[in-house]
$ cat entry14.txt   # compact mmCIF, C-alpha atoms
# COMPACT_ATOMS: atom_id res chain seq x y z
CA MET A 1 -19.44 23.58 13.28
CA LYS A 2 -15.78 24.48 12.88
CA LYS A 3 -13.91 21.92 10.80
CA ILE A 4 -10.72 20.13 11.84
CA ASN A 5 -7.90 20.87 9.40
CA VAL A 6 -5.97 17.69 8.57
CA LEU A 7 -2.96 17.47 6.26
CA GLN A 8 -2.08 14.13 4.69
CA LEU A 9 1.69 14.44 4.14
CA ILE A 10 3.17 11.77 1.87
CA THR A 11 6.47 11.11 0.12
CA GLY A 12 4.99 10.92 -3.39
CA LEU A 13 1.92 10.19 -5.48
CA GLY A 14 3.12 7.04 -7.23
CA MET A 15 1.03 3.90 -7.72
CA GLY A 16 1.92 2.30 -4.37
CA GLY A 17 -0.33 1.15 -1.55
CA ALA A 18 0.41 4.09 0.75
CA GLU A 19 -0.62 6.52 -1.97
CA LYS A 20 -3.89 4.64 -2.50
CA VAL A 21 -4.55 4.78 1.25
CA VAL A 22 -4.11 8.57 1.21
CA LEU A 23 -6.36 8.84 -1.84
CA ASP A 24 -9.11 6.84 -0.13
CA LEU A 25 -8.76 8.65 3.20
CA SER A 26 -9.03 11.99 1.42
CA SER A 27 -11.94 10.85 -0.77
CA PHE A 28 -14.16 9.30 1.90
CA ILE A 29 -13.43 11.50 4.93
CA ASN A 30 -16.44 13.38 6.32
CA LYS A 31 -16.28 16.74 4.55
CA GLU A 32 -18.62 18.35 7.09
CA LYS A 33 -16.26 17.62 9.97
CA PHE A 34 -12.85 17.78 8.31
CA ASP A 35 -11.03 20.03 5.88
CA SER A 36 -8.57 17.51 4.45
CA SER A 37 -5.68 18.30 2.09
CA VAL A 38 -2.66 16.48 0.66
CA VAL A 39 0.95 17.58 0.24
CA SER A 40 3.33 15.33 -1.70
CA LEU A 41 7.08 15.79 -1.26
CA ASN A 42 8.72 14.30 -4.35
CA ASP A 43 8.14 14.30 -8.11
CA ARG A 44 6.16 11.05 -8.40
CA ILE A 45 2.76 12.09 -9.77
CA GLU A 46 1.21 8.98 -11.36
CA LEU A 47 -1.87 9.28 -9.11
CA LEU A 48 -2.15 13.08 -9.22
CA ASP A 49 -5.00 13.05 -11.73
CA SER A 50 -6.95 10.70 -9.47
CA PHE A 51 -6.70 13.25 -6.66
CA LYS A 52 -7.72 16.09 -8.98
CA ILE A 53 -10.73 14.18 -10.37
CA LYS A 54 -12.01 13.79 -6.82
CA ASN A 55 -11.47 17.51 -6.08
CA ILE A 56 -8.99 16.77 -3.30
CA LYS A 57 -6.89 19.81 -2.40
CA THR A 58 -3.41 18.57 -3.43
CA LYS A 59 0.00 20.24 -3.64
CA VAL A 60 3.11 18.63 -5.16
CA LEU A 61 6.51 20.02 -4.04
CA PHE A 62 8.69 18.11 -6.57
CA GLY A 63 11.48 17.55 -4.02
CA LYS A 64 14.80 15.85 -4.72
CA ASN A 65 16.71 13.44 -2.53
CA ASN A 66 19.40 15.75 -1.13
CA LEU A 67 20.11 17.79 1.99
CA TYR A 68 19.38 21.14 0.35
CA ASP A 69 15.93 20.02 -0.71
CA LEU A 70 15.20 18.65 2.75
CA PHE A 71 15.40 22.21 4.09
CA ARG A 72 13.45 23.60 1.14
CA LEU A 73 10.69 21.06 1.70
CA PHE A 74 10.60 21.89 5.40
CA PHE A 75 10.04 25.59 4.69
CA LYS A 76 7.41 24.80 2.04
CA VAL A 77 5.46 22.48 4.35
CA ASN A 78 5.82 24.88 7.27
CA SER A 79 4.34 27.68 5.14
CA TYR A 80 1.51 25.43 3.99
CA VAL A 81 0.67 24.47 7.57
CA LYS A 82 0.56 28.14 8.62
CA ASP A 83 -1.37 29.36 5.59
CA ASN A 84 -4.01 26.63 5.93
CA SER A 85 -4.25 26.59 9.75
CA ILE A 86 -3.40 22.88 9.82
CA GLN A 87 -4.03 21.31 13.22
CA ILE A 88 -3.10 17.68 12.51
CA ILE A 89 -0.48 16.24 10.16
CA HIS A 90 -0.85 12.59 9.25
CA ALA A 91 2.66 11.69 8.06
CA HIS A 92 2.87 8.69 5.74
CA MET A 93 6.31 7.04 5.53
CA THR A 94 9.64 8.22 6.95
CA HIS A 95 10.51 11.30 4.90
CA SER A 96 7.13 12.81 5.64
CA LEU A 97 7.58 12.13 9.33
CA ILE A 98 10.95 13.90 9.38
CA ILE A 99 9.49 17.01 7.72
CA ALA A 100 6.42 16.97 9.97
CA SER A 101 8.62 16.69 13.07
CA PHE A 102 10.71 19.71 12.02
CA VAL A 103 7.51 21.71 11.56
CA LYS A 104 6.27 20.70 15.00
CA LEU A 105 9.45 22.07 16.58
CA LEU A 106 8.26 25.50 15.45
CA MET A 107 4.58 24.81 16.15
CA PRO A 108 4.34 22.72 19.36
CA SER A 109 0.51 22.70 19.29
CA LEU A 110 0.55 20.74 16.02
CA LYS A 111 -0.55 17.10 16.37
CA ILE A 112 1.39 14.42 14.46
CA VAL A 113 0.13 10.96 13.44
CA TYR A 114 2.56 8.54 11.77
CA THR A 115 1.91 5.52 9.55
CA SER A 116 5.00 3.76 8.19
CA HIS A 117 3.08 1.49 5.72
CA ASN A 118 5.82 -1.14 5.81
CA LEU A 119 7.46 -3.64 8.11
CA ASN A 120 10.87 -2.59 6.79
CA ILE A 121 11.25 1.21 6.65
CA GLY A 122 14.54 1.11 4.77
CA SER A 123 17.55 0.87 7.08
CA LYS A 124 18.72 0.83 10.71
CA TYR A 125 19.64 4.49 10.25
CA ARG A 126 16.00 5.32 9.44
CA GLU A 127 14.76 3.20 12.31
CA TYR A 128 16.86 5.18 14.79
CA ILE A 129 15.65 8.47 13.28
CA VAL A 130 12.03 7.36 13.72
CA TRP A 131 12.86 6.26 17.28
CA LEU A 132 14.46 9.64 18.09
CA LEU A 133 11.40 11.47 16.76
CA ARG A 134 8.94 9.62 19.02
CA PRO A 135 8.47 12.55 21.46
CA LEU A 136 7.39 14.81 18.59
CA ARG A 137 4.46 12.70 17.44
CA ASN A 138 1.22 11.96 19.21
CA LEU A 139 0.23 8.57 17.85
CA ASP A 140 1.51 5.78 15.61
CA ILE A 141 -0.87 3.76 13.46
CA VAL A 142 0.17 0.18 12.60
CA PHE A 143 -1.58 -2.50 10.60
CA SER A 144 -1.17 -5.24 13.23
CA GLU A 145 0.50 -5.74 16.61
CA ASP A 146 2.97 -8.26 15.21
CA ILE A 147 4.89 -5.66 13.17
CA LEU A 148 5.69 -3.45 16.17
CA LYS A 149 9.38 -2.61 16.59
CA PHE A 150 11.37 -0.52 19.02
CA PHE A 151 10.98 2.70 17.05
CA TYR A 152 7.18 2.84 17.39
CA LYS A 153 5.51 4.70 20.22
CA LYS A 154 3.88 2.82 23.05
CA LYS A 155 0.88 4.98 22.24
CA HIS A 156 -0.19 3.28 19.05
CA LEU A 157 -3.38 2.09 17.42
CA VAL A 158 -4.01 -0.84 15.10
CA ILE A 159 -5.95 0.25 12.00
CA PRO A 160 -5.60 -1.97 8.92
CA ASN A 161 -5.77 -0.73 5.37
CA GLY A 162 -9.15 -0.68 3.67
CA ILE A 163 -10.57 -0.50 0.14
CA ASN A 164 -13.77 0.34 -1.70
CA ILE A 165 -14.95 -3.24 -2.10
CA GLU A 166 -17.75 -2.44 -4.53
CA ARG A 167 -15.19 -1.42 -7.19
CA TYR A 168 -14.11 -5.06 -7.49
CA ASN A 169 -17.56 -6.61 -7.84
CA LEU A 170 -17.44 -7.06 -11.61
CA ASP A 171 -18.92 -9.53 -14.08
CA VAL A 172 -15.79 -10.24 -16.13
CA ASP A 173 -14.88 -13.41 -18.03
CA LYS A 174 -11.79 -15.25 -16.88
CA ALA A 175 -8.78 -15.35 -19.23
CA LYS A 176 -8.65 -18.42 -21.47
CA VAL A 177 -5.29 -19.53 -20.04
CA PHE A 178 -4.67 -19.93 -16.28
CA THR A 179 -3.45 -16.46 -15.33
CA ILE A 180 -1.32 -15.57 -12.31
CA THR A 181 -1.26 -11.84 -11.61
CA SER A 182 1.17 -9.79 -9.54
CA ILE A 183 0.90 -6.04 -8.91
CA GLY A 184 3.58 -3.79 -7.46
CA ARG A 185 6.51 -1.47 -8.05
CA LEU A 186 9.30 -3.14 -10.03
CA GLU A 187 11.77 -2.92 -7.17
CA TYR A 188 13.86 -5.40 -5.21
CA VAL A 189 11.47 -5.68 -2.25
CA LYS A 190 8.63 -6.94 -4.47
CA ASN A 191 10.83 -9.79 -5.76
CA HIS A 192 9.57 -9.93 -9.35
CA THR A 193 12.79 -11.71 -10.32
CA PHE A 194 11.40 -14.72 -8.50
CA LEU A 195 8.28 -14.67 -10.65
CA ILE A 196 10.43 -15.10 -13.76
CA ASP A 197 12.23 -18.02 -12.11
CA LEU A 198 8.81 -19.38 -11.13
CA ALA A 199 7.69 -19.28 -14.76
CA ASN A 200 10.81 -21.22 -15.69
CA GLN A 201 9.86 -23.85 -13.10
CA LEU A 202 6.23 -24.12 -14.17
CA LYS A 203 6.60 -24.13 -17.95
CA ASP A 204 6.94 -27.92 -18.22
CA SER A 205 4.15 -28.69 -15.74
CA ILE A 206 1.07 -26.57 -16.51
CA ASP A 207 -0.35 -24.19 -19.10
CA PHE A 208 -0.24 -20.70 -17.57
CA LYS A 209 0.60 -17.02 -17.91
CA ILE A 210 2.13 -14.65 -15.35
CA GLN A 211 1.22 -11.00 -15.80
CA ILE A 212 3.10 -8.32 -13.90
CA VAL A 213 1.44 -4.94 -13.38
CA GLY A 214 3.64 -2.01 -12.40
CA ALA A 215 6.70 0.03 -13.31
CA GLY A 216 10.00 0.78 -11.66
CA GLU A 217 13.77 0.81 -11.75
CA LEU A 218 14.12 -2.92 -12.47
CA GLU A 219 11.82 -2.99 -15.50
CA ASP A 220 14.53 -3.31 -18.17
CA GLN A 221 16.44 -5.89 -16.12
CA LEU A 222 13.33 -8.01 -15.59
CA LYS A 223 12.34 -7.88 -19.26
CA LYS A 224 15.87 -8.85 -20.30
CA LYS A 225 15.89 -11.85 -17.97
CA THR A 226 12.52 -12.92 -19.32
CA SER A 227 13.81 -12.70 -22.88
CA ASP A 228 17.12 -14.42 -22.06
CA LEU A 229 15.21 -17.39 -20.63
CA ASN A 230 12.83 -17.48 -23.62
CA LEU A 231 9.85 -16.89 -21.33
CA ASP A 232 8.09 -14.13 -23.27
CA LYS A 233 5.22 -16.54 -23.95
CA TYR A 234 4.69 -17.01 -20.21
CA VAL A 235 5.56 -13.65 -18.60
CA LYS A 236 3.79 -10.45 -19.66
CA PHE A 237 4.60 -6.93 -18.41
CA LEU A 238 1.49 -4.74 -18.39
CA GLY A 239 3.06 -1.52 -17.06
CA LEU A 240 1.08 0.99 -14.99
CA ARG A 241 -2.66 0.40 -15.29
CA ASP A 242 -5.82 2.06 -14.06
CA ASP A 243 -8.06 -0.96 -14.74
CA ILE A 244 -6.89 -3.07 -11.80
CA PRO A 245 -10.39 -4.39 -10.90
CA GLU A 246 -10.84 -5.73 -14.44
CA ILE A 247 -7.37 -7.27 -14.50
CA LEU A 248 -7.92 -9.04 -11.19
CA ASN A 249 -11.38 -10.30 -12.02
CA SER A 250 -10.14 -11.84 -15.28
CA SER A 251 -7.25 -13.61 -13.49
CA HIS A 252 -7.22 -16.99 -11.77
CA CYS A 253 -4.67 -16.45 -9.00
CA PHE A 254 -2.77 -13.63 -7.30
CA ALA A 255 0.89 -14.06 -6.32
CA LEU A 256 2.85 -11.88 -3.89
CA PRO A 257 6.46 -13.06 -3.39
CA SER A 258 7.66 -9.94 -1.52
CA TYR A 259 10.63 -9.98 0.86
CA TRP A 260 8.80 -7.62 3.23
CA GLU A 261 5.50 -5.73 3.34
CA GLY A 262 3.11 -3.86 5.60
CA LEU A 263 -0.48 -4.76 4.79
CA PRO A 264 -0.57 -4.53 0.97
CA ILE A 265 -3.55 -2.85 -0.63
CA VAL A 266 -3.12 -5.21 -3.60
CA LEU A 267 -3.95 -8.21 -1.39
CA LEU A 268 -7.18 -6.52 -0.28
CA GLU A 269 -7.94 -5.78 -3.94
CA ALA A 270 -7.31 -9.41 -4.89
CA ALA A 271 -9.45 -10.61 -1.98
CA ALA A 272 -12.28 -8.24 -2.96
CA SER A 273 -12.08 -9.80 -6.44
CA LYS A 274 -12.53 -13.25 -4.85
CA LEU A 275 -9.18 -14.33 -6.25
CA PRO A 276 -7.15 -17.21 -4.74
CA ILE A 277 -3.98 -15.76 -3.20
CA ILE A 278 -0.51 -17.17 -2.64
CA SER A 279 1.90 -14.99 -0.66
CA THR A 280 4.99 -15.00 1.47
CA PRO A 281 4.08 -14.68 5.20
CA VAL A 282 5.72 -11.28 5.73
CA GLY A 283 4.70 -8.10 7.56
CA SER A 284 1.05 -7.97 8.59
CA ILE A 285 -0.08 -10.38 5.87
CA PRO A 286 -0.67 -13.27 8.34
CA SER A 287 -3.19 -11.02 10.13
CA LEU A 288 -5.23 -11.01 6.91
CA ILE A 289 -4.70 -14.47 5.42
CA ASN A 290 -4.62 -17.82 7.17
CA TYR A 291 -4.39 -21.34 5.85
CA ASN A 292 -8.18 -21.56 5.48
CA SER A 293 -8.45 -18.46 3.30
CA GLY A 294 -5.32 -18.52 1.14
CA ILE A 295 -1.82 -19.92 0.89
CA LEU A 296 1.08 -18.50 2.90
CA CYS A 297 4.37 -20.19 2.08
CA GLU A 298 8.06 -19.70 1.49
CA LEU A 299 9.32 -19.03 -2.02
CA GLU A 300 10.53 -22.58 -2.65
CA GLU A 301 6.93 -23.82 -2.14
CA PHE A 302 5.24 -21.46 -4.61
CA ALA A 303 5.49 -23.72 -7.67
CA GLU A 304 3.91 -26.79 -6.08
CA ASN A 305 1.15 -24.69 -4.49
CA ILE A 306 0.27 -22.94 -7.75
CA ILE A 307 0.05 -26.32 -9.48
CA ALA A 308 -2.25 -27.45 -6.65
CA ILE A 309 -4.42 -24.32 -7.03
CA LYS A 310 -4.84 -24.97 -10.75
CA LYS A 311 -5.63 -28.68 -10.29
CA ASN A 312 -8.06 -28.08 -7.40
CA TYR A 313 -9.46 -24.71 -8.41
CA GLU A 314 -12.88 -25.23 -6.78
CA SER A 315 -11.18 -25.67 -3.39
CA ALA A 316 -9.07 -22.56 -4.02
CA ILE A 317 -12.23 -20.57 -4.78
CA ILE A 318 -13.82 -21.71 -1.51
CA ARG A 319 -10.79 -20.32 0.37
CA ALA A 320 -11.02 -17.12 -1.66
CA GLU A 321 -14.71 -16.75 -0.69
CA LEU A 322 -13.78 -17.01 2.99
CA LEU A 323 -11.14 -14.31 2.56
CA PHE A 324 -13.65 -12.11 0.72
CA GLU A 325 -16.08 -12.40 3.63
CA ASN A 326 -13.35 -11.33 6.05
CA VAL A 327 -12.32 -8.35 3.90
CA ASN A 328 -15.93 -7.32 3.30
CA LYS A 329 -16.59 -7.34 7.06
CA ASN A 330 -13.36 -5.86 8.44
CA TYR A 331 -11.52 -3.96 5.70
CA SER A 332 -14.15 -1.83 3.97
CA ILE A 333 -12.95 1.72 3.37
CA SER A 334 -15.93 3.28 5.14
CA GLU A 335 -15.06 1.49 8.39
CA ILE A 336 -11.35 2.27 8.12
CA VAL A 337 -11.97 5.96 7.39
CA GLN A 338 -14.29 6.22 10.39
CA GLN A 339 -11.50 4.86 12.60
CA HIS A 340 -9.11 7.51 11.27
CA GLU A 341 -11.72 10.21 11.80
CA GLN A 342 -12.00 9.15 15.42
CA VAL A 343 -8.22 9.42 15.79
CA TYR A 344 -8.24 12.95 14.39
CA GLU A 345 -11.16 14.03 16.59
CA ASN A 346 -9.55 12.61 19.75
CA LEU A 347 -6.25 14.38 19.00
CA PHE A 348 -8.03 17.64 18.24
CA ASN A 349 -9.85 17.49 21.59
CA GLU A 350 -6.69 16.67 23.56
CA LYS A 351 -5.38 19.48 25.75
$ encode --input "entry14.txt" --output "structure tokens"
Amino acid sequence: MKKINVLQLITGLGMGGAEKVVLDLSSFINKEKFDSSVVSLNDRIELLDSFKIKNIKTKVLFGKNNLYDLFRLFFKVNSYVKDNSIQIIHAHMTHSLIIASFVKLLMPSLKIVYTSHNLNIGSKYREYIVWLLRPLRNLDIVFSEDILKFFYKKKHLVIPNGINIERYNLDVDKAKVFTITSIGRLEYVKNHTFLIDLANQLKDSIDFKIQIVGAGELEDQLKKKTSDLNLDKYVKFLGLRDDIPEILNSSHCFALPSYWEGLPIVLLEAAASKLPIISTPVGSIPSLINYNSGILCELEEFAENIIAIKKNYESAIIRAELLFENVNKNYSISEIVQQHEQVYENLFNEK
């Protein structure tokens, strides 16, 4: 049987959720039906070794953020599509969509799928670009209906993120001190500054530790604020890590104070680890967590809710078990990959 050639086109191979989605899609896709490859546009390569270990055909273009490189990347991707007889491009995030759309102008038979991975795609300018490019793509994939905006196509499909749940089924001892974990890029949107303020609020009420996993442009600023407030005892920066399942299983609570999100992979990872979760109700998160399975609240309510989780930890674990059951049933990577495979097959068979 002739395989369908699918290109996963992504902005970079950093440690973010979109990159993990592409890694899982490429790892678990049916190799008998699909010839899947990955092209990354920029110079972020933290996950590159993970792709190589799994023998995923991956090309990094090391692009820069300027107009000249936009054209260079277009020609590089166009050549790759021709040389590898690509029939479908799945564009992840806005820059990838722009490049894919340019390529389609030269190859009208090419099918384009777009996943934004976030409620907020950066600016009104980007939103209007994505809106203008609607005729050039065949389908948009969103994580839930409630994040739809004007720039998405009417022809869209809801497919949530998924994870390999078995990876998080570990027998690991909990940390000796009540540990609140947060994972994400150290950037404004993830709101790690709030976690430092939260530590300042909690320090006179409970015994705890906040550990922050990730790296990014705000790292020095966040560490300085922690030091200035004499919170080094309470806030620990773990940097980039590849032992996320172990970190989560040894924690007591997961905190996500983001200003905006799509459907974060880290929440699925925390849920698969049966970890109580407290999060802001942004993006598609309310489609995953409700008030029976976790805590959704505004930032000013985090402190009191974390104190309540610690004092009533058995109740928090019961909610976490309910969330685990939901994730195990509806967000397993095998089910999510099958839904993507069906999308690719349907587009391939379209006339």
$ closest_residue --input "entry14.txt" --among "A:Lys274, A:Lys20, A:Lys190, A:Lys3" --to "A:Val327" --atoms "only C-alpha atoms"
A:Lys274
$ residues_near_point --input "entry14.txt" --point "(4.7, 10.7, -7.5)" --cutoff "9 Å" --atoms "only C-alpha atoms" --output "PyMOL selection string"
chain A and resi 11-15+19+40-48+60+62
$ residues_around --input "entry14.txt" --residues "A:Gly214" --least-positions-apart "6" --cutoff "12 Å" --atoms "only C-alpha atoms" --output "MDAnalysis selection string"
chainID A and resid 14:17 46 181:187 190 192 222 236:244 266
$ closest_atom_pairs --input "entry14.txt" --of "stretch 81-186 of chain A" --to "stretch 245-249 of chain A" --cutoff "10 Å" --atoms "all atoms listed in the file" --output "Markdown table"
| residue | atom | partner | partner_atom | distance |
| --- | --- | --- | --- | --- |
| A:Ile165 | CA | A:Pro245 | CA | 10.0 |
| A:Glu166 | CA | A:Pro245 | CA | 9.9 |
| A:Arg167 | CA | A:Pro245 | CA | 6.8 |
| A:Tyr168 | CA | A:Pro245 | CA | 5.1 |
| A:Asn169 | CA | A:Pro245 | CA | 8.1 |
| A:Leu170 | CA | A:Asn249 | CA | 6.9 |
| A:Asp171 | CA | A:Asn249 | CA | 7.9 |
| A:Val172 | CA | A:Asn249 | CA | 6.0 |
| A:Asp173 | CA | A:Asn249 | CA | 7.6 |
| A:Lys174 | CA | A:Asn249 | CA | 6.9 |
| A:Ala175 | CA | A:Asn249 | CA | 9.2 |
| A:Thr179 | CA | A:Leu248 | CA | 9.6 |
| A:Ile180 | CA | A:Leu248 | CA | 9.4 |
| A:Thr181 | CA | A:Leu248 | CA | 7.2 |
| A:Ser182 | CA | A:Leu248 | CA | 9.3 |
| A:Ile183 | CA | A:Leu248 | CA | 9.6 |
$ closest_atom_pairs --input "entry14.txt" --of "stretch 189-298 of chain A" --to "stretch 111-130 of chain A" --cutoff "7 Å" --atoms "only C-alpha atoms" --output "tab-separated table"
residue	atom	partner	partner_atom	distance
A:Trp260	CA	A:Leu119	CA	6.4
A:Glu261	CA	A:Asn118	CA	5.2
A:Gly262	CA	A:Asn118	CA	3.8
A:Gly283	CA	A:Leu119	CA	5.3
$ closest_residue --input "entry14.txt" --among "A:Ile88, A:Leu275, A:Ile206, A:Leu73" --to "A:Glu345" --atoms "only C-alpha atoms"
A:Ile88
$ atom_distance --input "entry14.txt" --atom1 "atom CA of A:Leu157" --atom2 "atom CA of A:His340"
10.0 Å
$ residues_around --input "entry14.txt" --residues "A:Ser205" --least-positions-apart "5" --cutoff "12 Å" --atoms "all atoms listed in the file" --output "PyMOL selection string"
chain A and resi 198-200+303-304+306-308+310-311
$ atom_distance --input "entry14.txt" --atom1 "atom CA of A:Gln211" --atom2 "atom CA of A:Tyr313"
18.9 Å
$ atom_distance --input "entry14.txt" --atom1 "atom CA of A:Phe51" --atom2 "atom CA of A:Asn164"
15.5 Å
$ residues_around --input "entry14.txt" --residues "A:Asp140" --least-positions-apart "4" --cutoff "12 Å" --atoms "only C-alpha atoms" --output "number ranges by chain"
A: 89-93, 97, 111-117, 130-131, 133-136, 144-145, 148-149, 151-159, 340, 343
$ closest_residue --input "entry14.txt" --among "A:Ala271, A:Leu139, A:Met107, A:Leu299" --to "A:Asp197" --atoms "all atoms listed in the file"
A:Leu299
$ residues_around --input "entry14.txt" --residues "A:Asn5" --least-positions-apart "3" --cutoff "10 Å" --atoms "only C-alpha atoms" --output "PyMOL selection string"
chain A and resi 2+33-37+81+84-89+344+348
$ residues_near_point --input "entry14.txt" --point "(-11.3, -3.3, 3.1)" --cutoff "8 Å" --atoms "only C-alpha atoms" --output "list in words"
Asn161, Gly162, Ile163, Asn164, Ile165, Leu268, Ala272, Val327, Asn328, Lys329, Asn330, Tyr331, Ser332, Ile333 and Ile336 of chain A
$ closest_residue --input "entry14.txt" --among "A:Ser287, A:Pro108, A:Glu300, A:Lys76" --to "A:Leu195" --atoms "only C-alpha atoms"
A:Glu300
$ axis_aligned_box --input "entry14.txt" --around "stretch 125-134 of chain A" --padding-each-side "3 Å" --output "AutoDock Vina command-line options"
--center_x 14.3 --center_y 7.3 --center_z 14.2 --size_x 16.7 --size_y 14.3 --size_z 15.6
